[in-house]
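Asker: This is protein19.txt (compact mmCIF, C-alpha atoms and all ligand atoms).
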```
# COMPACT_ATOMS: atom_id res chain seq x y z
CA MET A 16 108.40 -21.13 28.09
CA ILE A 17 105.39 -23.34 27.34
CA SER A 18 103.21 -24.67 30.08
CA VAL A 19 100.18 -26.88 29.46
CA LYS A 20 97.69 -27.37 32.26
CA ASN A 21 94.86 -29.92 32.32
CA LEU A 22 94.40 -29.79 28.56
CA GLU A 23 91.38 -31.70 27.25
CA LYS A 24 90.11 -32.11 23.72
CA HIS A 25 86.91 -33.76 22.57
CA PHE A 26 85.78 -34.31 19.00
CA GLY A 27 82.12 -35.03 19.63
CA GLU A 28 82.00 -38.26 21.60
CA ASN A 29 85.67 -38.89 20.99
CA HIS A 30 87.79 -37.88 24.00
CA VAL A 31 91.11 -37.30 22.25
CA LEU A 32 93.28 -35.49 24.82
CA LYS A 33 92.91 -36.38 28.48
CA ASN A 34 94.32 -34.15 31.17
CA ILE A 35 97.59 -33.27 29.42
CA ASN A 36 100.11 -31.48 31.61
CA CYS A 37 103.60 -30.58 30.48
CA LYS A 38 106.25 -27.92 30.38
CA VAL A 39 108.74 -27.08 27.66
CA ASN A 40 111.77 -24.98 28.50
CA ASP A 41 113.64 -22.53 26.31
CA GLY A 42 115.95 -24.28 23.88
CA GLU A 43 114.63 -27.78 24.50
CA THR A 44 114.01 -30.35 21.80
CA ILE A 45 111.05 -32.52 22.72
CA VAL A 46 110.13 -35.61 20.71
CA ILE A 47 106.60 -37.01 20.98
CA ILE A 48 106.11 -40.67 20.18
CA GLY A 49 103.11 -42.95 20.37
CA PRO A 50 100.79 -45.14 18.30
CA SER A 51 98.56 -43.87 15.52
CA GLY A 52 95.47 -42.13 16.85
CA SER A 53 96.98 -41.45 20.28
CA GLY A 54 96.47 -37.68 19.89
CA LYS A 55 99.97 -36.50 18.95
CA SER A 56 98.91 -34.27 16.06
CA THR A 57 95.90 -32.96 17.96
CA PHE A 58 98.18 -32.00 20.83
CA LEU A 59 100.53 -30.07 18.50
CA ARG A 60 97.58 -28.43 16.80
CA CYS A 61 96.16 -27.35 20.15
CA LEU A 62 99.51 -25.80 21.08
CA ASN A 63 99.26 -23.21 18.33
CA LEU A 64 95.49 -23.15 18.39
CA LEU A 65 94.87 -24.78 15.02
CA GLU A 66 92.45 -26.76 17.19
CA THR A 67 90.55 -25.15 20.03
CA PRO A 68 91.10 -27.03 23.29
CA SER A 69 87.88 -28.14 25.00
CA SER A 70 89.29 -27.07 28.35
CA GLY A 71 92.56 -26.42 30.12
CA GLU A 72 95.20 -23.75 29.72
CA ILE A 73 98.23 -23.22 27.51
CA TRP A 74 100.73 -20.61 28.62
CA PHE A 75 103.43 -19.31 26.31
CA ASP A 76 105.96 -16.84 27.71
CA ASP A 77 103.67 -15.87 30.57
CA VAL A 78 100.68 -15.25 28.29
CA GLU A 79 97.68 -17.54 28.48
CA ILE A 80 97.21 -18.16 24.77
CA THR A 81 94.00 -20.09 25.33
CA HIS A 82 92.44 -16.91 26.69
CA PRO A 83 89.78 -15.76 24.18
CA THR A 84 91.11 -12.21 23.89
CA ASN A 85 94.42 -13.30 22.40
CA ASN A 86 95.66 -12.58 18.90
CA ILE A 87 96.10 -16.05 17.43
CA ASN A 88 98.08 -14.85 14.41
CA LYS A 89 100.68 -13.17 16.58
CA ILE A 90 101.03 -16.36 18.58
CA ARG A 91 101.44 -18.47 15.45
CA GLN A 92 104.25 -16.20 14.26
CA LYS A 93 106.13 -17.08 17.44
CA MET A 94 105.12 -20.75 17.44
CA ASN A 95 105.28 -22.00 13.89
CA MET A 96 104.34 -25.40 12.51
CA VAL A 97 106.05 -27.54 9.86
CA PHE A 98 103.77 -30.15 8.30
CA GLN A 99 104.32 -33.54 6.74
CA GLN A 100 103.15 -32.25 3.35
CA PHE A 101 105.30 -29.09 3.27
CA ASN A 102 102.40 -26.82 2.15
CA LEU A 103 104.62 -24.67 -0.09
CA TYR A 104 103.05 -22.39 -2.71
CA ASN A 105 103.75 -24.15 -6.01
CA ASN A 106 103.31 -21.00 -8.10
CA LEU A 107 106.00 -19.11 -6.18
CA THR A 108 109.77 -19.52 -6.25
CA VAL A 109 111.61 -20.83 -3.21
CA LEU A 110 112.73 -17.30 -2.34
CA LYS A 111 109.17 -15.90 -2.62
CA ASN A 112 107.81 -18.77 -0.54
CA ILE A 113 110.23 -17.84 2.21
CA THR A 114 109.88 -14.04 2.09
CA LEU A 115 106.10 -13.86 1.69
CA ALA A 116 105.14 -14.02 5.35
CA PRO A 117 107.93 -11.78 6.72
CA ILE A 118 107.05 -9.09 4.15
CA LYS A 119 103.28 -9.36 4.53
CA LEU A 120 102.84 -10.14 8.18
CA LYS A 121 105.91 -8.61 9.77
CA LYS A 122 106.33 -5.72 7.30
CA VAL A 123 109.99 -6.54 6.74
CA GLU A 124 111.45 -4.71 3.73
CA LYS A 125 111.75 -6.88 0.64
CA LYS A 126 115.50 -6.50 0.33
CA GLN A 127 116.10 -7.37 3.95
CA ALA A 128 113.70 -10.33 3.81
CA GLU A 129 115.53 -11.65 0.74
CA GLU A 130 118.93 -11.28 2.36
CA GLU A 131 117.76 -13.12 5.43
CA ALA A 132 116.17 -15.84 3.32
CA MET A 133 119.38 -16.31 1.34
CA ALA A 134 121.40 -16.59 4.54
CA LEU A 135 119.04 -19.29 5.83
CA LEU A 136 119.14 -21.16 2.50
CA GLU A 137 122.92 -21.02 2.67
CA GLN A 138 122.86 -22.68 6.09
CA ILE A 139 121.06 -25.70 4.70
CA ASP A 140 122.94 -25.82 1.39
CA LEU A 141 120.06 -24.71 -0.78
CA SER A 142 121.14 -21.26 -1.91
CA ASP A 143 121.36 -22.49 -5.51
CA LYS A 144 117.62 -23.27 -5.42
CA ALA A 145 116.39 -19.78 -4.52
CA SER A 146 114.80 -19.14 -7.90
CA ALA A 147 113.52 -22.70 -8.42
CA TYR A 148 109.86 -23.63 -8.04
CA PRO A 149 108.81 -26.30 -5.52
CA SER A 150 107.99 -28.76 -8.33
CA GLN A 151 111.65 -28.65 -9.35
CA LEU A 152 112.84 -29.82 -5.93
CA SER A 153 113.10 -33.23 -4.31
CA GLY A 154 110.84 -33.98 -1.36
CA GLY A 155 113.71 -33.51 1.07
CA GLN A 156 114.62 -30.18 -0.47
CA ARG A 157 110.99 -29.07 -0.29
CA GLN A 158 110.79 -29.95 3.36
CA ARG A 159 114.02 -28.07 4.08
CA VAL A 160 112.57 -25.04 2.27
CA ALA A 161 109.44 -25.38 4.42
CA ILE A 162 111.66 -25.36 7.49
CA VAL A 163 113.49 -22.25 6.25
CA ARG A 164 110.16 -20.59 5.55
CA SER A 165 109.21 -21.21 9.13
CA LEU A 166 112.59 -19.95 10.42
CA ALA A 167 112.25 -16.76 8.37
CA MET A 168 109.51 -15.65 10.75
CA LYS A 169 112.05 -15.91 13.59
CA PRO A 170 109.77 -18.06 15.72
CA LYS A 171 110.67 -18.99 19.28
CA VAL A 172 109.29 -22.49 18.81
CA ILE A 173 108.78 -24.75 15.82
CA LEU A 174 106.31 -27.61 15.99
CA PHE A 175 107.08 -30.46 13.60
CA ASP A 176 104.37 -32.99 12.75
CA GLU A 177 106.04 -36.03 11.19
CA PRO A 178 108.20 -33.87 8.91
CA THR A 179 109.92 -36.84 7.26
CA SER A 180 107.20 -39.46 7.00
CA ALA A 181 106.46 -38.61 3.35
CA LEU A 182 110.13 -38.92 2.40
CA ASP A 183 112.38 -41.78 1.35
CA PRO A 184 115.32 -42.66 3.63
CA GLY A 185 117.95 -40.50 1.90
CA MET A 186 115.79 -37.40 2.02
CA THR A 187 114.73 -38.20 5.57
CA ALA A 188 118.37 -38.15 6.60
CA GLU A 189 118.99 -34.72 5.10
CA VAL A 190 115.92 -33.22 6.78
CA LEU A 191 116.80 -34.77 10.14
CA LYS A 192 120.30 -33.37 9.80
CA ALA A 193 118.85 -29.89 9.27
CA MET A 194 116.62 -30.34 12.33
CA GLU A 195 119.54 -31.52 14.42
CA LYS A 196 121.43 -28.39 13.46
CA LEU A 197 118.51 -26.20 14.55
CA SER A 198 118.38 -28.03 17.84
CA GLN A 199 122.08 -27.39 18.38
CA LEU A 200 121.56 -23.72 17.55
CA GLY A 201 119.15 -23.56 20.48
CA LEU A 202 115.79 -23.38 18.74
CA THR A 203 112.96 -24.75 20.87
CA MET A 204 111.42 -27.65 18.97
CA ILE A 205 108.54 -30.05 19.60
CA CYS A 206 108.63 -32.90 17.10
CA VAL A 207 106.21 -35.72 16.47
CA THR A 208 108.29 -38.34 14.69
CA HIS A 209 108.76 -42.06 14.27
CA GLU A 210 112.51 -41.55 13.78
CA MET A 211 113.75 -43.15 16.98
CA GLN A 212 117.43 -42.61 16.19
CA PHE A 213 116.70 -38.90 15.94
CA ALA A 214 114.83 -39.03 19.25
CA LYS A 215 117.75 -40.83 20.93
CA LYS A 216 120.37 -38.50 19.56
CA VAL A 217 118.74 -35.08 19.53
CA ALA A 218 115.87 -34.96 22.03
CA ASN A 219 116.32 -33.55 25.50
CA ARG A 220 113.12 -35.28 26.48
CA VAL A 221 110.78 -37.83 24.94
CA ILE A 222 107.05 -37.85 25.62
CA PHE A 223 105.18 -41.10 25.05
CA MET A 224 101.47 -40.64 24.37
CA GLU A 225 98.82 -43.31 24.19
CA ASP A 226 95.06 -43.05 24.12
CA GLY A 227 95.09 -39.27 24.61
CA GLN A 228 97.35 -39.33 27.65
CA ILE A 229 100.98 -38.66 28.41
CA VAL A 230 101.91 -42.09 29.72
CA GLU A 231 105.61 -41.52 30.21
CA GLU A 232 108.05 -38.66 29.85
CA ASN A 233 111.81 -38.87 30.32
CA GLN A 234 115.27 -38.42 28.87
CA PRO A 235 115.69 -40.50 25.72
CA ASN A 236 118.12 -43.03 27.20
CA GLU A 237 115.64 -43.75 30.00
CA ILE A 238 112.69 -44.00 27.63
CA PHE A 239 114.46 -46.44 25.31
CA SER A 240 116.63 -48.43 27.74
CA ASN A 241 114.52 -48.35 30.85
CA PRO A 242 110.82 -47.94 29.99
CA GLN A 243 108.64 -48.00 33.09
CA SER A 244 105.12 -48.69 31.91
CA GLU A 245 103.86 -51.84 30.20
CA ARG A 246 102.30 -49.65 27.52
CA LEU A 247 105.61 -48.05 26.55
CA LYS A 248 107.39 -51.43 26.68
CA SER A 249 104.78 -52.88 24.37
CA PHE A 250 104.96 -49.89 21.99
CA LEU A 251 108.76 -50.04 21.80
CA SER A 252 108.77 -53.80 21.22
CA LYS A 253 106.61 -53.22 18.15
CA ILE A 254 108.64 -50.46 16.59
CA LEU A 255 112.26 -51.23 17.48
N1 LIG B 301 89.36 -32.81 13.01
C1 LIG B 301 89.00 -33.93 13.62
N2 LIG B 301 87.69 -34.26 13.77
C2 LIG B 301 87.32 -35.38 14.43
N3 LIG B 301 88.18 -36.25 14.97
C3 LIG B 301 89.48 -36.00 14.84
C4 LIG B 301 89.98 -34.84 14.17
N4 LIG B 301 91.33 -34.85 14.21
C5 LIG B 301 91.67 -35.97 14.88
N5 LIG B 301 90.58 -36.67 15.27
C6 LIG B 301 90.58 -37.91 16.05
O1 LIG B 301 91.41 -37.70 17.18
C7 LIG B 301 92.17 -38.86 17.49
C8 LIG B 301 93.61 -38.52 17.55
O2 LIG B 301 94.06 -38.16 16.26
P1 LIG B 301 95.51 -37.57 15.98
O3 LIG B 301 95.55 -37.20 14.55
O4 LIG B 301 95.80 -36.53 16.98
O5 LIG B 301 96.41 -38.85 16.26
P2 LIG B 301 97.96 -39.07 16.00
O6 LIG B 301 98.55 -39.59 17.26
O7 LIG B 301 98.56 -37.84 15.40
O8 LIG B 301 97.96 -40.27 14.93
P3 LIG B 301 98.94 -40.56 13.68
O9 LIG B 301 100.19 -41.17 14.27
O10 LIG B 301 98.18 -41.54 12.86
O11 LIG B 301 99.19 -39.26 12.98
C9 LIG B 301 91.79 -39.90 16.44
O12 LIG B 301 90.81 -40.73 16.98
C10 LIG B 301 91.21 -39.05 15.31
O13 LIG B 301 90.26 -39.78 14.60
MG MG B 302 99.43 -37.40 13.55
```
Rewrite the structure of this file - the entire thing - as C-alpha cells.
Answerer:
Amino acid sequence: MISVKNLEKHFGENHVLKNINCKVNDGETIVIIGPSGSGKSTFLRCLNLLETPSSGEIWFDDVEITHPTNNINKIRQKMNMVFQQFNLYNNLTVLKNITLAPIKLKKVEKKQAEEEAMALLEQIDLSDKASAYPSQLSGGQRQRVAIVRSLAMKPKVILFDEPTSALDPGMTAEVLKAMEKLSQLGLTMICVTHEMQFAKKVANRVIFMEDGQIVEENQPNEIFSNPQSERLKSFLSKIL
C-alpha cells in the first residue's frame, strides 16, 4: 500500500533522512523506534507531505504522492496523522471537533457525520463526553478524541507520532488499548512510540532508525530477542 524509495531529507546542512526504503502492507501495524533526533518524526511527516522530501519517491496505492501534480489534501484525508499534543479545537465540543472535517472537507451531511462520530465515541467508551469541551477531559480522553477525529475521515492509514508521550501511565494505557483495538480491526498504522510493550504485542513489524537510516527492520520478537546490529543492541540496552 505504501512504498518508499530512496527517500532523502536535508534541512540545510543537516542530512536527516538517508536513503530510506520501506514498504507497508494493508492492515499492518508498524512501530518505529530509535533515539531522539534519528529522524522518526521527519519520516512520518514526509509520508503525508507535512515535510517535502529532498529526493526519492513515496507511493501510496499506486499513486506517486511525491509527484508535484498531486492533491496533498486528498492524500492527507487518506493518510491521517495523530500528534503528541492532540491539536483539538478548544472552543469546540468533542462532537464538533470530530464532525468538522467530514462535514467541511468530505461534504458529509451533519446528521450522518454526528451519527458516525457517536458510533466511534461509543467504541472507545467516550459517548458521554460528546458535548464536553477538550478542557473538561483528561489527557488520555483528549488523545482518544483526537484518534476518533482522525478515524471519522475514514483514512486508510493513521500515522501516530508519540501519541502517549505527554500522558501519565494510566492514560497511556487507555490510549494504547484503543490503538491496539484499531490494529485488530485492520487499520493500517505507523506508530512512532517508546512503548516497547506495545511494540512487542501489537506491531507486525518494528523499524529501528538511527542517524537518519533504517538500521534494522523485523518482527518484534526478533528485534527484541535477537537484535542483529551493534547499534540496535546498544539502543535496547539503554531503554529496556
Ligand atoms: N523543521 C526542521 N528544521 C530544521 N531541522 C529539523 C526540522 N525538523 C527536524 N529537524 C532536525 O532533523 C533531525 C531529526 O529530527 P526528528 O524530529 O525527525 O527526530 P526524532 O527521531 O523524531 O526525535 P525525537 O525522538 O526527539 O522526537 C534533528 O536533527 C532535528 O534537529
Ligand atoms: Mg519525534
Asker: One number please: CA of Met224 (chain A) to CA of Leu255 (chain A), in Å, one decimal.
Answerer: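 Interatomic distance, CA of Met224 (chain A) to CA of Leu255 (chain A): 16.6 Å.
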Asker: Give as a VMD selection string each residue that has an atom at most 8 Å from (106.3, -26.1, 11.9) in the file, counting all atoms listed in the file.
Answerer: chain A and resid 94 to 98 162 165 173 to 176
Asker: Go ahead and compute the interatomic distance for CA of Leu120 (chain A) and CA of Met194 (chain A), in Å to one decimal.
Answerer: 24.8 Å
Asker: With all atoms listed in the file as the atoms that count, which of A:Asp77, A:Glu131, A:Glu210, A:Asp140 lies nearest to Val46 (chain A)?
Answerer: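 Ranking A:Asp77, A:Glu131, A:Glu210, A:Asp140 by distance to Val46 (chain A), first place goes to A:Glu210.
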Asker: Which residues, written as a ChimeraX atom specification, have at least one atom at most 10 Å from Ser198 (chain A), with all atoms listed in the file counted and residues fewer than 6 positions away on the same chain left out?
Answerer: /A:42-45,192,204,217-219
Asker: Find, counting all atoms listed in the file, the residue in A:Asp76, A:Glu237, A:Glu137, A:Glu177 that gets nearest to ligand LIG 301 (chain B).
Answerer: A:Glu177
Asker: Looking at A:Ala167, A:Ile48, A:Leu65, A:Val172, which one is nearest to Ile238 (chain A), with distances taken over only C-alpha atoms?
Answerer: A:Ile48
Asker: Hey, which residues sit close to ligand MG 302 (chain B)? Say within 10 Å, counting all atoms listed in the file, and write them as a list in words.
Answerer: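 Final answer, ordered by chain and number: Ile48, Gly49, Pro50, Ser51, Gly52, Ser53, Gly54, Lys55, Ser56, Thr57, Phe58, Leu59, Arg60, Phe98, Gln99, Asp176, Glu177, Val207 and Thr208 of chain A.
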Asker: Tell me, as a PyMOL selection string, which residues lie within 7 Å of region 184-190 of chain A, counting all atoms listed in the file; anything in the same chain fewer than 5 positions away does not count.
Answerer: chain A and resi 154-155+158-159+179
Asker: Taking all atoms of ligand LIG 301 (chain B) that the file lists and extending 8 Å past them on each side, where is the centre of the axis-aligned box and how long are its edges? Answer in Å to one decimal, as AutoDock Vina command-line options.
Answerer:
```
--center_x 93.8 --center_y -37.2 --center_z 15.2 --size_x 28.9 --size_y 24.7 --size_z 20.7
```
Asker: Contacts of Asp41 (chain A) at 9 Å or less, counting all atoms listed in the file, minus same-chain residues fewer than 5 places along, as a PyMOL selection string?
Answerer: chain A and resi 16-17+171-172+201-203
Asker: Give me, please, the distance in Å between CA of Glu129 (chain A) and CA of Arg157 (chain A), quoted to one decimal.
Answerer: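 Between CA of Glu129 (chain A) and CA of Arg157 (chain A) the gap is 18.0 Å.
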Asker: Closest to ligand LIG 301 (chain B) among A:Asn63, A:Ser18, A:Asn29, A:Gln228, using only C-alpha atoms and all ligand atoms?
Answerer: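 Ranking A:Asn63, A:Ser18, A:Asn29, A:Gln228 by distance to ligand LIG 301 (chain B), first place goes to A:Asn29.
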Asker: Between A:Leu197, A:Ala181, A:Leu247, A:Val123, single out the one closest to Ile229 (chain A), counting all atoms listed in the file.
Answerer: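 Counting all atoms listed in the file, the residue closest to Ile229 (chain A) is A:Leu247.
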Asker: Phe26 (chain A): which residues within 12 Å, counting all atoms listed in the file, same-chain residues fewer than 6 positions away excluded, as a list of chain:residue names?
Answerer: A:Leu32, A:Gly54, A:Thr57, A:Glu66, A:Thr67, A:Pro68, A:Ser69, A:Gly227
Asker: Give me a file of those residues, with C-alpha atoms, as a PDB file, in the coordinates of the input.
Answerer:
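Writing the result to part_35.pdb gives the following:
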```pdb
ATOM      1  CA  LEU A  32      93.280 -35.490  24.820  1.00  0.00           C
ATOM      2  CA  GLY A  54      96.470 -37.680  19.890  1.00  0.00           C
ATOM      3  CA  THR A  57      95.900 -32.960  17.960  1.00  0.00           C
ATOM      4  CA  GLU A  66      92.450 -26.760  17.190  1.00  0.00           C
ATOM      5  CA  THR A  67      90.550 -25.150  20.030  1.00  0.00           C
ATOM      6  CA  PRO A  68      91.100 -27.030  23.290  1.00  0.00           C
ATOM      7  CA  SER A  69      87.880 -28.140  25.000  1.00  0.00           C
ATOM      8  CA  GLY A 227      95.090 -39.270  24.610  1.00  0.00           C
TER       9      GLY A 227
END
```
Asker: Compare A:Ala147, A:Val230, A:Ala132, A:Leu200 by their minimum atom-to-atom distance to Ile47 (chain A), counting all atoms listed in the file, and give me the closest one.
Answerer: A:Val230
